[in-house]
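Below is one structure, written out as structure tokens; comments come after it.
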Amino acid sequence: MDEAYRVGDVTVLPTHLDIPGVGTLIVNSYVLHAQQPTLIDTGLASDRPEFVAALSAAVDPADLRWIWLTHDDADHTGNIQQVMDLAPQARLATHGIAAIRMSTWWPLSLDRVHAIAIDDRLDVGDRTLRAIRPPTFDNPMSTGIVDESTGALFSVDAFGAVLPNAVRDVGELAEEELVGGMTAWTTLDSPWAHLVDRSRFAASLDEVRKLASTSVFSSHLPAVTGRIEDLLKIVASVPDAEPFVAPNAEQFAQIAAAMHGG
């Protein structure tokens, strides 16, 4: 785990993965300090003790009322069972099919699930959260969030980046690092972007633009304030970028050896 930080009424719980020869992938979870405190995603299982400690420093897990799971990929569900145990009053807001899939690998009580579909709204006491489809995604269960009281956008995997190193502020990155990193991540995470009708892809980005969000909380980029148009421009260029090519067996063996110290 990296050091938590706060942006407005959101605490960022960040960690990162260093992948030799590739770069660094940031993985964020978030605590939204609403009247009904809400945790968005549950980090990496490899960080379990540190994640629980960081979460507990931001909010008493027993006070959580909602756990919004953006989708059921491993980098978002790593500590879901432990957090649900620590937060007995919390309900799990997530895509209904994702909840059913998760129930096959851990004993999720489906009566604690509040199924979320695109455009549904969730009342968390002092504000309303609206479910949106993020403009790019790797999992059809992906459900982003707009905080209708602040305009904050929780964009799931959209606007993520493979970075040269872990940073807290995108202002620390050179422009080519941000553009190259976001392009690399999006071609990996959303390979379908090369296949879509360009006008429909542009329209999906326009839907995000209409939100006029001043803060963007991606799962794989430091929190960003005031640069939504820059992010949209980069993602709009992805259909014209070179497709991602996965490492072959020899390349993967080299990565694995580097990750495990040879």
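Here's how to read the names in the structure tokens: chain A, B, ... by the order shown, residue numbers from 1 in each chain, ligand numbers from 1 in the order shown.
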For A:Leu205: contacts at 8 Å, only C-alpha atoms, fewer than 2 positions along chain excluded, given as a compact mmCIF listing (two decimals) with N, CA and C atoms, in the first residue's frame:
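Output saved as around-v7.txt:
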# COMPACT_ATOMS: atom_id res chain seq x y z
N PRO A 135 -16.62 5.15 -20.15
CA PRO A 135 -16.43 5.20 -21.60
C PRO A 135 -15.56 4.07 -22.15
N PHE A 201 -18.24 5.82 -30.55
CA PHE A 201 -17.23 5.98 -29.52
C PHE A 201 -17.14 7.46 -29.11
N ALA A 202 -17.14 8.34 -30.08
CA ALA A 202 -17.10 9.77 -29.79
C ALA A 202 -18.33 10.19 -28.99
N ALA A 203 -19.48 9.62 -29.32
CA ALA A 203 -20.70 9.96 -28.59
C ALA A 203 -20.61 9.52 -27.14
N GLU A 207 -20.86 11.93 -23.73
CA GLU A 207 -21.70 11.74 -22.55
C GLU A 207 -20.92 12.03 -21.28
N VAL A 208 -19.67 11.64 -21.25
CA VAL A 208 -18.81 11.96 -20.10
C VAL A 208 -18.54 13.46 -20.05
N ARG A 209 -18.29 14.05 -21.21
CA ARG A 209 -18.01 15.49 -21.27
C ARG A 209 -19.19 16.30 -20.70
N LEU A 232 -10.09 13.08 -21.95
CA LEU A 232 -10.98 12.66 -23.04
C LEU A 232 -10.26 12.69 -24.39
N ALA A 236 -9.83 9.49 -26.80
CA ALA A 236 -10.40 9.58 -28.15
C ALA A 236 -9.42 9.14 -29.22
Residues near A:His76, cut-off 6 Å, only C-alpha atoms, skip fewer than 6 positions along chain, as a PyMOL selection string: chain A and resi 41-43
Print the selection's residues with N, CA and C atoms to a file, as a CSV table (one decimal), in the first residue's frame.
chain,number,residue,atom,x,y,z
A,41,ASP,N,-14.7,-0.1,-4.1
A,41,ASP,CA,-13.7,-1.1,-4.4
A,41,ASP,C,-12.9,-1.5,-3.2
A,42,THR,N,-12.2,-2.6,-3.2
A,42,THR,CA,-11.6,-3.2,-2.0
A,42,THR,C,-10.1,-3.6,-2.2
A,43,GLY,N,-9.4,-3.1,-3.2
A,43,GLY,CA,-8.0,-3.2,-3.2
A,43,GLY,C,-7.5,-4.6,-3.6
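Closest to A:Ala45 among A:Val238, A:Val10, A:Ala74, A:Leu64 is A:Ala74, based on only C-alpha atoms.
The shortest atom-to-atom distance to A:Gly96, with only C-alpha atoms taken into account, belongs to A:Thr143 out of A:Arg65, A:Val59, A:Ala166, A:Thr143.
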All residues 8 Å or closer to A:Ile145, only C-alpha atoms, same chain fewer than 4 positions away omitted, as a PyMOL selection string: chain A and resi 129-132+153-155
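Note that the spacing between atom CA of A:Gln254 and atom CA of A:Asp189 amounts to 21.9 Å.
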Which of stretch 32-184 of chain A fall in strand (DSSP E), as a ChimeraX atom specification: /A:32,38-40,66-68,91-94,113-115,121-123,128-132,144-147,153-156,162-163
Enumerate the residues of stretch 40-106 of chain A with a DSSP assignment of helix (DSSP H, G or I), computed from the backbone, and present them as number ranges by chain. A: 45-58, 61-63, 74-77, 80-86, 96-102
Once you have the residues from the selection above, write them out as an mmCIF file, in the first residue's frame, restricted to N, CA and C atoms.
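part_35.cif was written with the following content:
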data_model
loop_
_atom_site.group_PDB
_atom_site.id
_atom_site.type_symbol
_atom_site.label_atom_id
_atom_site.label_comp_id
_atom_site.auth_asym_id
_atom_site.auth_seq_id
_atom_site.Cartn_x
_atom_site.Cartn_y
_atom_site.Cartn_z
ATOM 1 N N ALA A 45 -5.675 -8.273 -2.779
ATOM 2 C CA ALA A 45 -5.569 -9.248 -1.695
ATOM 3 C C ALA A 45 -4.155 -9.296 -1.124
ATOM 4 N N SER A 46 -3.155 -9.039 -1.958
ATOM 5 C CA SER A 46 -1.768 -9.075 -1.487
ATOM 6 C C SER A 46 -1.460 -7.979 -0.481
ATOM 7 N N ASP A 47 -2.325 -6.973 -0.395
ATOM 8 C CA ASP A 47 -2.148 -5.856 0.538
ATOM 9 C C ASP A 47 -3.056 -5.973 1.763
ATOM 10 N N ARG A 48 -3.631 -7.132 2.006
ATOM 11 C CA ARG A 48 -4.753 -7.210 2.947
ATOM 12 C C ARG A 48 -4.515 -6.501 4.284
ATOM 13 N N PRO A 49 -3.474 -6.819 5.062
ATOM 14 C CA PRO A 49 -3.331 -6.130 6.362
ATOM 15 C C PRO A 49 -3.199 -4.621 6.208
ATOM 16 N N GLU A 50 -2.405 -4.197 5.206
ATOM 17 C CA GLU A 50 -2.204 -2.766 4.996
ATOM 18 C C GLU A 50 -3.486 -2.086 4.519
ATOM 19 N N PHE A 51 -4.246 -2.787 3.660
ATOM 20 C CA PHE A 51 -5.499 -2.203 3.176
ATOM 21 C C PHE A 51 -6.478 -2.005 4.319
ATOM 22 N N VAL A 52 -6.632 -3.014 5.164
ATOM 23 C CA VAL A 52 -7.572 -2.900 6.275
ATOM 24 C C VAL A 52 -7.141 -1.779 7.213
ATOM 25 N N ALA A 53 -5.826 -1.640 7.434
ATOM 26 C CA ALA A 53 -5.334 -0.567 8.299
ATOM 27 C C ALA A 53 -5.598 0.805 7.686
ATOM 28 N N ALA A 54 -5.359 0.941 6.388
ATOM 29 C CA ALA A 54 -5.586 2.230 5.730
ATOM 30 C C ALA A 54 -7.067 2.580 5.711
ATOM 31 N N LEU A 55 -7.903 1.590 5.445
ATOM 32 C CA LEU A 55 -9.346 1.821 5.479
ATOM 33 C C LEU A 55 -9.784 2.245 6.873
ATOM 34 N N SER A 56 -9.285 1.565 7.884
ATOM 35 C CA SER A 56 -9.685 1.850 9.266
ATOM 36 C C SER A 56 -9.226 3.231 9.707
ATOM 37 N N ALA A 57 -8.109 3.710 9.138
ATOM 38 C CA ALA A 57 -7.641 5.063 9.456
ATOM 39 C C ALA A 57 -8.537 6.118 8.823
ATOM 40 N N ALA A 58 -9.176 5.773 7.700
ATOM 41 C CA ALA A 58 -10.048 6.733 7.006
ATOM 42 C C ALA A 58 -11.452 6.732 7.570
ATOM 43 N N PRO A 61 -14.612 0.776 9.765
ATOM 44 C CA PRO A 61 -15.380 -0.093 8.860
ATOM 45 C C PRO A 61 -16.793 -0.396 9.364
ATOM 46 N N ALA A 62 -16.967 -0.413 10.683
ATOM 47 C CA ALA A 62 -18.299 -0.673 11.229
ATOM 48 C C ALA A 62 -19.283 0.434 10.880
ATOM 49 N N ASP A 63 -18.767 1.627 10.512
ATOM 50 C CA ASP A 63 -19.635 2.747 10.137
ATOM 51 C C ASP A 63 -20.013 2.739 8.655
ATOM 52 N N ALA A 74 -10.228 -9.052 -10.059
ATOM 53 C CA ALA A 74 -9.450 -9.327 -8.855
ATOM 54 C C ALA A 74 -8.821 -8.080 -8.244
ATOM 55 N N ASP A 75 -8.434 -7.102 -9.074
ATOM 56 C CA ASP A 75 -7.791 -5.908 -8.523
ATOM 57 C C ASP A 75 -8.806 -4.946 -7.888
ATOM 58 N N HIS A 76 -10.076 -5.308 -7.913
ATOM 59 C CA HIS A 76 -11.121 -4.495 -7.287
ATOM 60 C C HIS A 76 -11.824 -5.237 -6.148
ATOM 61 N N THR A 77 -11.634 -6.550 -6.105
ATOM 62 C CA THR A 77 -12.356 -7.384 -5.133
ATOM 63 C C THR A 77 -11.444 -8.021 -4.094
ATOM 64 N N ILE A 80 -12.797 -7.976 -0.490
ATOM 65 C CA ILE A 80 -14.243 -7.798 -0.350
ATOM 66 C C ILE A 80 -14.812 -8.625 0.800
ATOM 67 N N GLN A 81 -14.403 -9.866 0.936
ATOM 68 C CA GLN A 81 -14.979 -10.699 1.986
ATOM 69 C C GLN A 81 -14.608 -10.175 3.364
ATOM 70 N N GLN A 82 -13.350 -9.782 3.542
ATOM 71 C CA GLN A 82 -12.906 -9.273 4.842
ATOM 72 C C GLN A 82 -13.620 -7.969 5.192
ATOM 73 N N VAL A 83 -13.769 -7.086 4.201
ATOM 74 C CA VAL A 83 -14.427 -5.810 4.456
ATOM 75 C C VAL A 83 -15.908 -6.035 4.785
ATOM 76 N N MET A 84 -16.555 -6.928 4.080
ATOM 77 C CA MET A 84 -17.962 -7.215 4.383
ATOM 78 C C MET A 84 -18.114 -7.758 5.803
ATOM 79 N N ASP A 85 -17.143 -8.554 6.249
ATOM 80 C CA ASP A 85 -17.182 -9.061 7.617
ATOM 81 C C ASP A 85 -16.982 -7.944 8.636
ATOM 82 N N LEU A 86 -16.116 -6.976 8.305
ATOM 83 C CA LEU A 86 -15.823 -5.865 9.214
ATOM 84 C C LEU A 86 -16.912 -4.794 9.201
ATOM 85 N N GLY A 96 -25.764 -6.841 -10.627
ATOM 86 C CA GLY A 96 -26.363 -8.059 -10.098
ATOM 87 C C GLY A 96 -25.677 -9.332 -10.571
ATOM 88 N N ILE A 97 -25.266 -9.369 -11.846
ATOM 89 C CA ILE A 97 -24.603 -10.565 -12.359
ATOM 90 C C ILE A 97 -23.219 -10.710 -11.742
ATOM 91 N N ALA A 98 -22.560 -9.592 -11.475
ATOM 92 C CA ALA A 98 -21.267 -9.660 -10.789
ATOM 93 C C ALA A 98 -21.435 -10.279 -9.410
ATOM 94 N N ALA A 99 -22.506 -9.902 -8.709
ATOM 95 C CA ALA A 99 -22.756 -10.476 -7.381
ATOM 96 C C ALA A 99 -22.975 -11.983 -7.480
ATOM 97 N N ILE A 100 -23.729 -12.418 -8.475
ATOM 98 C CA ILE A 100 -23.958 -13.853 -8.645
ATOM 99 C C ILE A 100 -22.653 -14.578 -8.960
ATOM 100 N N ARG A 101 -21.832 -13.981 -9.822
ATOM 101 C CA ARG A 101 -20.549 -14.617 -10.142
ATOM 102 C C ARG A 101 -19.673 -14.707 -8.896
ATOM 103 N N MET A 102 -19.626 -13.620 -8.092
ATOM 104 C CA MET A 102 -18.800 -13.658 -6.886
ATOM 105 C C MET A 102 -19.278 -14.708 -5.896
#
